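What follows is the content of query-v8.cif (mmCIF, C-alpha atoms).
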data_my_file
#
loop_
_atom_site.group_PDB
_atom_site.id
_atom_site.type_symbol
_atom_site.label_atom_id
_atom_site.label_comp_id
_atom_site.auth_asym_id
_atom_site.auth_seq_id
_atom_site.Cartn_x
_atom_site.Cartn_y
_atom_site.Cartn_z
ATOM 1 C CA MET N 1 44.125 -30.449 11.157
ATOM 2 C CA ILE N 2 43.679 -32.082 14.553
ATOM 3 C CA ARG N 3 42.362 -29.693 17.204
ATOM 4 C CA ALA N 4 43.913 -30.430 20.577
ATOM 5 C CA ALA N 5 43.622 -29.267 24.165
ATOM 6 C CA ILE N 6 46.583 -29.078 26.523
ATOM 7 C CA VAL N 7 46.054 -30.095 30.146
ATOM 8 C CA GLY N 8 48.756 -28.862 32.498
ATOM 9 C CA LEU N 9 50.740 -25.737 31.693
ATOM 10 C CA GLY N 10 53.911 -26.192 33.657
ATOM 11 C CA ARG N 11 57.272 -25.977 31.918
ATOM 12 C CA TRP N 12 56.733 -29.166 29.924
ATOM 13 C CA GLY N 13 53.158 -28.386 28.923
ATOM 14 C CA ARG N 14 54.227 -25.011 27.598
ATOM 15 C CA SER N 15 57.057 -26.638 25.667
ATOM 16 C CA LEU N 16 54.599 -29.009 24.005
ATOM 17 C CA VAL N 17 52.381 -26.142 22.922
ATOM 18 C CA ALA N 18 55.293 -24.042 21.653
ATOM 19 C CA SER N 19 56.652 -26.962 19.617
ATOM 20 C CA VAL N 20 53.685 -27.011 17.219
ATOM 21 C CA GLN N 21 51.575 -23.879 17.659
ATOM 22 C CA GLY N 22 51.697 -21.965 14.396
ATOM 23 C CA LYS N 23 54.352 -24.359 13.059
ATOM 24 C CA SER N 24 52.416 -27.524 12.239
ATOM 25 C CA LYS N 25 49.934 -28.308 9.504
ATOM 26 C CA ASP N 26 48.861 -31.437 11.402
ATOM 27 C CA LEU N 27 47.936 -30.245 14.919
ATOM 28 C CA ARG N 28 46.889 -27.039 16.621
ATOM 29 C CA PHE N 29 46.098 -26.377 20.277
ATOM 30 C CA VAL N 30 42.773 -24.593 20.691
ATOM 31 C CA LEU N 31 41.973 -25.038 24.388
ATOM 32 C CA ALA N 32 43.820 -25.308 27.702
ATOM 33 C CA HIS N 33 43.234 -26.195 31.329
ATOM 34 C CA THR N 34 45.637 -25.968 34.235
ATOM 35 C CA ARG N 35 45.362 -26.052 38.015
ATOM 36 C CA THR N 36 46.894 -22.578 38.429
ATOM 37 C CA ARG N 37 44.967 -20.415 35.984
ATOM 38 C CA ALA N 38 46.491 -17.099 37.029
ATOM 39 C CA THR N 39 50.010 -18.180 36.060
ATOM 40 C CA ALA N 40 48.890 -19.361 32.613
ATOM 41 C CA GLU N 41 46.723 -16.524 31.337
ATOM 42 C CA ASP N 42 49.502 -14.542 29.648
ATOM 43 C CA PHE N 43 50.918 -17.654 27.986
ATOM 44 C CA CYS N 44 47.495 -18.703 26.691
ATOM 45 C CA ARG N 45 46.859 -15.253 25.230
ATOM 46 C CA SER N 46 50.203 -15.357 23.448
ATOM 47 C CA GLN N 47 49.381 -18.783 21.959
ATOM 48 C CA GLU N 48 45.738 -17.933 21.139
ATOM 49 C CA LEU N 49 44.454 -20.566 23.546
ATOM 50 C CA ALA N 50 41.098 -20.395 25.289
ATOM 51 C CA LEU N 51 41.567 -21.229 28.970
ATOM 52 C CA VAL N 52 38.764 -23.201 30.654
ATOM 53 C CA ASP N 53 38.136 -23.780 34.340
ATOM 54 C CA SER N 54 37.744 -27.572 34.468
ATOM 55 C CA TYR N 55 38.838 -30.762 32.763
ATOM 56 C CA GLU N 56 35.196 -31.752 32.397
ATOM 57 C CA GLN N 57 34.452 -28.520 30.521
ATOM 58 C CA LEU N 58 37.328 -29.255 28.172
ATOM 59 C CA LEU N 59 36.130 -32.811 27.459
ATOM 60 C CA ALA N 60 32.628 -31.567 26.708
ATOM 61 C CA ASP N 61 33.858 -29.210 23.975
ATOM 62 C CA SER N 62 32.958 -30.623 20.549
ATOM 63 C CA ASN N 63 35.673 -28.484 18.960
ATOM 64 C CA VAL N 64 38.368 -30.633 20.605
ATOM 65 C CA ASP N 65 39.526 -33.829 18.877
ATOM 66 C CA ALA N 66 42.306 -34.801 21.282
ATOM 67 C CA VAL N 67 43.806 -34.007 24.673
ATOM 68 C CA VAL N 68 47.487 -33.786 25.550
ATOM 69 C CA LEU N 69 48.188 -34.529 29.209
ATOM 70 C CA ALA N 70 51.196 -32.846 30.831
ATOM 71 C CA THR N 71 49.865 -33.436 34.316
ATOM 72 C CA PRO N 72 51.091 -35.164 37.509
ATOM 73 C CA HIS N 73 51.668 -38.882 36.917
ATOM 74 C CA SER N 74 49.111 -39.873 39.532
ATOM 75 C CA LEU N 75 46.323 -38.193 37.528
ATOM 76 C CA HIS N 76 47.031 -39.905 34.215
ATOM 77 C CA GLU N 77 44.885 -42.997 34.708
ATOM 78 C CA SER N 78 41.668 -41.168 35.611
ATOM 79 C CA GLN N 79 42.243 -38.488 32.979
ATOM 80 C CA ILE N 80 42.850 -41.037 30.197
ATOM 81 C CA ILE N 81 39.738 -42.998 31.157
ATOM 82 C CA ALA N 82 37.608 -39.821 31.223
ATOM 83 C CA ALA N 83 38.971 -38.638 27.877
ATOM 84 C CA ALA N 84 38.323 -42.018 26.264
ATOM 85 C CA ALA N 85 34.753 -42.007 27.568
ATOM 86 C CA ALA N 86 34.317 -38.585 25.951
ATOM 87 C CA GLY N 87 35.639 -39.902 22.631
ATOM 88 C CA LYS N 88 38.832 -37.838 22.739
ATOM 89 C CA HIS N 89 42.170 -39.159 21.514
ATOM 90 C CA VAL N 90 44.922 -38.961 24.148
ATOM 91 C CA HIS N 91 48.601 -38.108 24.169
ATOM 92 C CA VAL N 92 49.962 -38.602 27.692
ATOM 93 C CA GLU N 93 53.380 -37.843 29.064
ATOM 94 C CA LYS N 94 55.446 -40.727 30.349
ATOM 95 C CA PRO N 95 55.066 -42.699 32.491
ATOM 96 C CA ILE N 96 51.569 -43.589 31.372
ATOM 97 C CA THR N 97 50.603 -44.301 35.007
ATOM 98 C CA LEU N 98 52.440 -45.237 38.201
ATOM 99 C CA ASP N 99 51.874 -48.990 38.015
ATOM 100 C CA ARG N 100 50.969 -51.748 35.558
ATOM 101 C CA ALA N 101 47.447 -52.249 36.916
ATOM 102 C CA GLY N 102 46.572 -48.597 36.314
ATOM 103 C CA ALA N 103 48.146 -48.709 32.867
ATOM 104 C CA ASP N 104 46.028 -51.740 31.959
ATOM 105 C CA ARG N 105 42.842 -49.931 32.987
ATOM 106 C CA ALA N 106 43.784 -46.837 30.965
ATOM 107 C CA VAL N 107 44.726 -48.839 27.876
ATOM 108 C CA ASN N 108 41.573 -50.945 28.066
ATOM 109 C CA ALA N 109 39.435 -47.800 28.244
ATOM 110 C CA ALA N 110 41.129 -46.342 25.154
ATOM 111 C CA ARG N 111 40.783 -49.604 23.235
ATOM 112 C CA LYS N 112 37.113 -49.910 24.151
ATOM 113 C CA ALA N 113 36.451 -46.346 22.989
ATOM 114 C CA GLY N 114 38.468 -46.812 19.795
ATOM 115 C CA VAL N 115 40.653 -43.748 20.405
ATOM 116 C CA VAL N 116 44.377 -43.329 19.819
ATOM 117 C CA LEU N 117 46.425 -43.518 23.022
ATOM 118 C CA ALA N 118 49.968 -42.215 22.591
ATOM 119 C CA VAL N 119 52.622 -42.175 25.320
ATOM 120 C CA GLY N 120 55.194 -39.409 25.093
ATOM 121 C CA TYR N 121 58.459 -41.248 24.561
ATOM 122 C CA CYS N 122 59.679 -38.395 22.369
ATOM 123 C CA ARG N 123 63.247 -39.704 22.114
ATOM 124 C CA ARG N 124 62.118 -42.548 19.881
ATOM 125 C CA PHE N 125 61.708 -39.916 17.169
ATOM 126 C CA HIS N 126 65.184 -38.390 17.391
ATOM 127 C CA PRO N 127 67.227 -39.041 14.230
ATOM 128 C CA SER N 128 70.062 -40.574 16.273
ATOM 129 C CA VAL N 129 67.691 -43.160 17.748
ATOM 130 C CA VAL N 130 66.110 -43.717 14.332
ATOM 131 C CA GLY N 131 69.634 -44.407 13.064
ATOM 132 C CA VAL N 132 70.275 -47.020 15.750
ATOM 133 C CA ARG N 133 66.932 -48.652 14.928
ATOM 134 C CA ARG N 134 67.822 -48.795 11.237
ATOM 135 C CA ARG N 135 71.277 -50.248 11.883
ATOM 136 C CA LEU N 136 69.809 -52.925 14.131
ATOM 137 C CA ALA N 137 67.258 -53.861 11.470
ATOM 138 C CA GLU N 138 70.004 -54.063 8.859
ATOM 139 C CA GLY N 139 72.178 -56.258 11.074
ATOM 140 C CA ARG N 140 74.990 -53.712 11.068
ATOM 141 C CA LEU N 141 75.373 -53.799 14.867
ATOM 142 C CA GLY N 142 75.759 -57.573 15.006
ATOM 143 C CA ALA N 143 74.717 -59.400 18.150
ATOM 144 C CA LEU N 144 73.343 -57.067 20.805
ATOM 145 C CA ILE N 145 74.807 -58.329 24.096
ATOM 146 C CA SER N 146 74.520 -55.373 26.480
ATOM 147 C CA ILE N 147 73.145 -51.868 26.816
ATOM 148 C CA VAL N 148 74.402 -49.241 29.257
ATOM 149 C CA ALA N 149 72.427 -46.025 29.651
ATOM 150 C CA GLN N 150 73.078 -42.951 31.746
ATOM 151 C CA HIS N 151 70.915 -39.869 32.005
ATOM 152 C CA THR N 152 72.360 -37.066 34.109
ATOM 153 C CA THR N 153 70.614 -33.748 34.622
ATOM 154 C CA SER N 154 71.085 -31.017 37.206
ATOM 155 C CA THR N 155 67.508 -29.760 37.131
ATOM 156 C CA GLY N 156 66.395 -31.767 40.170
ATOM 157 C CA GLN N 157 68.063 -29.377 42.576
ATOM 158 C CA PHE N 158 65.982 -26.482 41.238
ATOM 159 C CA ILE N 159 62.562 -28.104 41.706
ATOM 160 C CA ALA N 160 60.676 -26.356 44.494
ATOM 161 C CA PRO N 161 59.892 -28.635 47.466
ATOM 162 C CA ASP N 162 56.162 -27.961 47.048
ATOM 163 C CA ASN N 163 56.181 -28.805 43.318
ATOM 164 C CA TRP N 164 54.375 -32.053 42.495
ATOM 165 C CA ARG N 165 57.512 -33.399 40.801
ATOM 166 C CA ALA N 166 59.279 -33.377 44.165
ATOM 167 C CA ALA N 167 56.616 -35.484 45.875
ATOM 168 C CA PRO N 168 57.771 -39.054 46.657
ATOM 169 C CA GLU N 169 54.363 -40.475 45.707
ATOM 170 C CA GLU N 170 54.809 -39.015 42.191
ATOM 171 C CA ALA N 171 58.247 -40.623 41.819
ATOM 172 C CA PRO N 172 58.176 -44.120 43.357
ATOM 173 C CA GLY N 173 61.094 -45.124 41.141
ATOM 174 C CA GLY N 174 63.189 -42.130 42.140
ATOM 175 C CA ALA N 175 64.938 -40.554 39.166
ATOM 176 C CA LEU N 176 63.652 -43.343 36.907
ATOM 177 C CA THR N 177 60.084 -42.035 36.991
ATOM 178 C CA ALA N 178 60.578 -38.730 35.213
ATOM 179 C CA VAL N 179 63.669 -39.268 33.051
ATOM 180 C CA GLY N 180 65.090 -42.787 33.340
ATOM 181 C CA VAL N 181 62.040 -44.338 31.723
ATOM 182 C CA HIS N 182 63.356 -43.088 28.380
ATOM 183 C CA ALA N 183 66.418 -45.342 28.679
ATOM 184 C CA LEU N 184 64.243 -48.241 29.815
ATOM 185 C CA ASP N 185 61.993 -47.710 26.790
ATOM 186 C CA HIS N 186 64.979 -47.887 24.420
ATOM 187 C CA MET N 187 66.220 -51.074 26.082
ATOM 188 C CA ILE N 188 62.855 -52.753 25.679
ATOM 189 C CA GLU N 189 62.561 -51.709 22.033
ATOM 190 C CA PHE N 190 66.108 -52.669 21.040
ATOM 191 C CA ALA N 191 66.827 -55.667 23.274
ATOM 192 C CA GLY N 192 63.493 -57.223 24.158
ATOM 193 C CA ARG N 193 61.610 -58.085 27.308
ATOM 194 C CA VAL N 194 63.194 -57.713 30.746
ATOM 195 C CA ARG N 195 63.396 -60.809 32.935
ATOM 196 C CA ASP N 196 64.504 -59.393 36.288
ATOM 197 C CA VAL N 197 65.970 -56.256 37.842
ATOM 198 C CA ARG N 198 68.101 -54.987 40.711
ATOM 199 C CA CYS N 199 67.620 -51.367 41.748
ATOM 200 C CA VAL N 200 69.305 -48.931 44.138
ATOM 201 C CA THR N 201 67.974 -45.430 44.780
ATOM 202 C CA ALA N 202 69.459 -42.592 46.798
ATOM 203 C CA ARG N 203 68.919 -38.996 47.777
ATOM 204 C CA ASN N 204 71.958 -36.820 47.167
ATOM 205 C CA ILE N 205 70.507 -33.307 47.223
ATOM 206 C CA PRO N 206 68.063 -31.851 49.766
ATOM 207 C CA GLY N 207 64.480 -32.748 48.964
ATOM 208 C CA PRO N 208 61.683 -35.198 49.756
ATOM 209 C CA SER N 209 62.215 -37.697 46.929
ATOM 210 C CA ASP N 210 65.110 -39.830 45.701
ATOM 211 C CA ASP N 211 67.092 -38.191 42.920
ATOM 212 C CA THR N 212 69.480 -40.981 41.911
ATOM 213 C CA THR N 213 68.460 -44.395 40.592
ATOM 214 C CA THR N 214 70.659 -47.249 39.407
ATOM 215 C CA VAL N 215 69.018 -50.235 37.702
ATOM 216 C CA MET N 216 70.622 -53.483 36.577
ATOM 217 C CA GLN N 217 68.624 -55.687 34.221
ATOM 218 C CA THR N 218 68.909 -59.139 32.738
ATOM 219 C CA LEU N 219 67.405 -59.394 29.246
ATOM 220 C CA ARG N 220 66.940 -62.083 26.626
ATOM 221 C CA PHE N 221 68.939 -61.587 23.432
ATOM 222 C CA VAL N 222 68.821 -63.336 20.065
ATOM 223 C CA PRO N 223 72.314 -63.186 18.474
ATOM 224 C CA THR N 224 72.617 -62.665 14.736
ATOM 225 C CA SER N 225 76.263 -63.697 14.196
ATOM 226 C CA GLU N 226 76.722 -67.338 13.197
ATOM 227 C CA GLN N 227 80.493 -67.612 12.721
ATOM 228 C CA ALA N 228 83.679 -65.851 13.730
ATOM 229 C CA PRO N 229 85.326 -63.410 11.299
ATOM 230 C CA THR N 230 88.390 -64.540 9.332
ATOM 231 C CA GLY N 231 91.498 -62.475 8.613
ATOM 232 C CA PRO N 232 92.264 -59.024 9.998
ATOM 233 C CA VAL N 233 89.351 -57.064 11.387
ATOM 234 C CA THR N 234 89.478 -53.395 10.430
ATOM 235 C CA ALA N 235 86.996 -50.849 11.669
ATOM 236 C CA PRO N 236 85.319 -48.565 9.128
ATOM 237 C CA PRO N 237 85.598 -44.806 9.603
ATOM 238 C CA ASP N 238 83.468 -43.249 12.310
ATOM 239 C CA GLU N 239 79.983 -42.243 11.248
ATOM 240 C CA ILE N 240 79.165 -38.859 12.719
ATOM 241 C CA SER N 241 75.546 -37.750 12.735
ATOM 242 C CA GLU N 242 74.531 -34.298 13.947
ATOM 243 C CA HIS N 243 70.976 -32.962 14.154
ATOM 244 C CA PRO N 244 71.027 -29.411 15.527
ATOM 245 C CA GLY N 245 67.611 -27.923 16.048
ATOM 246 C CA PHE N 246 65.620 -31.137 15.693
ATOM 247 C CA ASP N 247 62.382 -30.813 17.698
ATOM 248 C CA MET N 248 61.396 -34.153 19.227
ATOM 249 C CA LEU N 249 58.182 -32.722 20.693
ATOM 250 C CA ASN N 250 57.037 -31.508 17.302
ATOM 251 C CA ALA N 251 57.899 -34.918 15.819
ATOM 252 C CA GLU N 252 55.933 -36.918 18.387
ATOM 253 C CA LEU N 253 52.872 -34.673 18.271
ATOM 254 C CA THR N 254 52.910 -34.728 14.465
ATOM 255 C CA GLU N 255 52.888 -38.538 14.549
ATOM 256 C CA PHE N 256 50.053 -38.419 17.086
ATOM 257 C CA ALA N 257 47.967 -36.237 14.772
ATOM 258 C CA ARG N 258 48.706 -38.426 11.762
ATOM 259 C CA ALA N 259 47.816 -41.588 13.681
ATOM 260 C CA ILE N 260 44.414 -40.038 14.419
ATOM 261 C CA ARG N 261 43.824 -38.807 10.895
ATOM 262 C CA GLU N 262 45.048 -41.972 9.168
ATOM 263 C CA ARG N 263 43.398 -44.310 11.703
ATOM 264 C CA ARG N 264 46.600 -46.216 12.457
ATOM 265 C CA PRO N 265 48.485 -47.122 15.636
ATOM 266 C CA TYR N 266 50.884 -44.610 17.162
ATOM 267 C CA PRO N 267 54.529 -45.603 16.442
ATOM 268 C CA VAL N 268 55.291 -46.397 20.112
ATOM 269 C CA PRO N 269 53.662 -49.854 20.529
ATOM 270 C CA ILE N 270 51.354 -49.919 23.525
ATOM 271 C CA ASP N 271 52.400 -53.492 24.359
ATOM 272 C CA GLU N 272 55.972 -52.256 24.870
ATOM 273 C CA VAL N 273 54.657 -49.431 27.048
ATOM 274 C CA LEU N 274 52.753 -51.950 29.175
ATOM 275 C CA HIS N 275 55.788 -54.206 29.548
ATOM 276 C CA GLY N 276 57.712 -51.115 30.605
ATOM 277 C CA MET N 277 55.192 -50.601 33.391
ATOM 278 C CA SER N 278 55.689 -54.205 34.541
ATOM 279 C CA VAL N 279 59.423 -53.461 34.688
ATOM 280 C CA PHE N 280 58.657 -50.229 36.543
ATOM 281 C CA ASP N 281 56.697 -52.176 39.175
ATOM 282 C CA ALA N 282 59.644 -54.568 39.615
ATOM 283 C CA ILE N 283 62.120 -51.686 39.911
ATOM 284 C CA VAL N 284 60.059 -50.016 42.640
ATOM 285 C CA GLN N 285 59.855 -53.329 44.514
ATOM 286 C CA ALA N 286 63.574 -53.994 44.060
ATOM 287 C CA ALA N 287 64.481 -50.558 45.399
ATOM 288 C CA ARG N 288 62.433 -51.200 48.524
ATOM 289 C CA SER N 289 63.601 -54.770 49.115
ATOM 290 C CA ASN N 290 67.231 -54.502 47.970
ATOM 291 C CA GLU N 291 66.752 -57.829 46.185
ATOM 292 C CA ILE N 292 66.577 -59.024 42.589
ATOM 293 C CA VAL N 293 62.929 -58.973 41.509
ATOM 294 C CA ALA N 294 61.420 -60.927 38.616
ATOM 295 C CA VAL N 295 59.356 -58.948 36.134
ATOM 296 C CA ALA N 296 55.780 -60.160 35.783
ATOM 297 C CA GLY N 297 55.382 -61.688 32.332
ATOM 298 C CA GLY N 298 59.086 -61.171 31.611
#
Step by step, read the file and then write its structure as structure tokens.
Amino acid sequence: MIRAAIVGLGRWGRSLVASVQGKSKDLRFVLAHTRTRATAEDFCRSQELALVDSYEQLLADSNVDAVVLATPHSLHESQIIAAAAAGKHVHVEKPITLDRAGADRAVNAARKAGVVLAVGYCRRFHPSVVGVRRRLAEGRLGALISIVAQHTTSTGQFIAPDNWRAAPEEAPGGALTAVGVHALDHMIEFAGRVRDVRCVTARNIPGPSDDTTTVMQTLRFVPTSEQAPTGPVTAPPDEISEHPGFDMLNAELTEFARAIRERRPYPVPIDEVLHGMSVFDAIVQAARSNEIVAVAGG
């Protein structure tokens, strides 16, 4: 079993712990560190987690195989690099960093150290997304010509103004930074590399950072259909797939543990993550300039 440490015990960090603690044969959290120790002590006792005072103390613990980072985005780069130098495998919440240059430095450090670096795009593991992936591979969806994604959540209005998630510097892409990157990740996986983007952000509820982001992308597609259908075209019956209770966090952390144990890459390709950061850079620039921006390497 992989012994992990959780760094950051806000709502999401606690959800990650609860998804596997006492439920997984692949990974168990044994150590924790958070900036606000007093608010985490009861939770750590309930999850049988030892709470340490510093990130450095956590990395020095030989009983820890891997770290899971549920920390502010701006800390990811330095924390990944430090963990890699300590020989710890890393699972980091998305986005991996706040720009492509920082992502490159983090990835290079992990590669040099030979540790697994996993980015938390948990929705790739949901059975509905797995089903889309399978249908694409089988050619059942035909030629992919467009993707439209919308992610709407009301939680932004309940984030305290002094919470790090509300800070503009932690969300340069507005609503894209915390939640919209999931849709971008799916587009890159299913449709390929992004060539250019147009982005509009807005603030619609009181707060310091933009809460609404609209992105338009132009992508390259390779059609699979070679000729038009003949005769009447009838649609097959709807395929309805329901997955109540599926735990995406458990699924992604299980794959992280197995990637470490089996010495294989994590299922979310790091090259796609890096291209996503190039797109992220272009989106931030497009939002500021109100112009179409080409994606570097796109």
- Query: So which residues touch Ala4 of chain N within 10 Å, counting all atoms listed in the file, skipping near sequence neighbours fewer than 2 positions away, as a list of chain:residue names?
  - Reply: N:Met1, N:Ile2, N:Ile6, N:Val7, N:Val17, N:Leu27, N:Arg28, N:Phe29, N:Val30, N:Leu31, N:Ala32, N:Asn63, N:Val64, N:Asp65, N:Ala66, N:Val67, N:Val68, N:Lys88, N:His89, N:Val90, N:His91, N:Ala257
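Nearest to Ala294 of chain N of all the residues N:Glu255, N:Cys199, N:Val194, N:Pro95 is N:Val194, based on all atoms listed in the file.
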- Task: For each of N:Ser128, N:Gln21, N:Ser74, N:Ser62, take the minimum atom-to-atom distance to Ala167 of chain N, counting only C-alpha atoms, then give the residue where this is smallest.
- Result: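 So, comparing all the options, the nearest one is N:Ser74.
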- Evaluating the PyMOL selection byres ((chain N and resi 39) around 12) on the displayed file yields which residues, as a list in words? Gly8, Leu9, Gly10, Arg11, Arg14, His33, Thr34, Arg35, Thr36, Arg37, Ala38, Ala40, Glu41, Asp42, Phe43, Cys44, Arg45 and Leu51 of chain N
- Item | Picked residues, the PyMOL selection byres ((chain N and resi 273) around 9), expected as a VMD selection string | chain N and resid 95 to 96 103 119 185 188 268 to 272 274 to 278
- Please measure the separation of atom CA of Ser241 of chain N and atom CA of Arg135 of chain N, giving the value in Å to one decimal. 13.2 Å
- In file coordinates, which residues lie within 12 Å of (34.7, -39.7, 30.2) using only C-alpha atoms, given as an NGL selection string? :N and (55-60 or 77-90 or 106 or 109-110 or 113)
- Task: Would you be able to write out as a PyMOL selection string which residues have an atom within 12 Å of (63.0, -41.9, 18.9) in the file's coordinates, counting only C-alpha atoms?
- Result: chain N and resi 120-134+182-183+185-186+189-190+246-249+251-252+255+267-268
Using C-alpha atoms, can you export the residues from the last selection as a CSV table (one decimal), in the coordinates of the input?
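Listing of selection.csv after writing:
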chain,number,residue,atom,x,y,z
N,120,GLY,CA,55.2,-39.4,25.1
N,121,TYR,CA,58.5,-41.2,24.6
N,122,CYS,CA,59.7,-38.4,22.4
N,123,ARG,CA,63.2,-39.7,22.1
N,124,ARG,CA,62.1,-42.5,19.9
N,125,PHE,CA,61.7,-39.9,17.2
N,126,HIS,CA,65.2,-38.4,17.4
N,127,PRO,CA,67.2,-39.0,14.2
N,128,SER,CA,70.1,-40.6,16.3
N,129,VAL,CA,67.7,-43.2,17.7
N,130,VAL,CA,66.1,-43.7,14.3
N,131,GLY,CA,69.6,-44.4,13.1
N,132,VAL,CA,70.3,-47.0,15.8
N,133,ARG,CA,66.9,-48.7,14.9
N,134,ARG,CA,67.8,-48.8,11.2
N,182,HIS,CA,63.4,-43.1,28.4
N,183,ALA,CA,66.4,-45.3,28.7
N,185,ASP,CA,62.0,-47.7,26.8
N,186,HIS,CA,65.0,-47.9,24.4
N,189,GLU,CA,62.6,-51.7,22.0
N,190,PHE,CA,66.1,-52.7,21.0
N,246,PHE,CA,65.6,-31.1,15.7
N,247,ASP,CA,62.4,-30.8,17.7
N,248,MET,CA,61.4,-34.2,19.2
N,249,LEU,CA,58.2,-32.7,20.7
N,251,ALA,CA,57.9,-34.9,15.8
N,252,GLU,CA,55.9,-36.9,18.4
N,255,GLU,CA,52.9,-38.5,14.5
N,267,PRO,CA,54.5,-45.6,16.4
N,268,VAL,CA,55.3,-46.4,20.1
- Message: What does the structure give for the distance between atom CA of Arg198 of chain N and atom CA of Ala178 of chain N, in Å to one decimal?
- Response: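 One can read the atom CA of Arg198 of chain N to atom CA of Ala178 of chain N distance as 18.7 Å.
Picture a line from atom CA of Pro172 of chain N to atom CA of Ala5 of chain N; it runs 28.3 Å.
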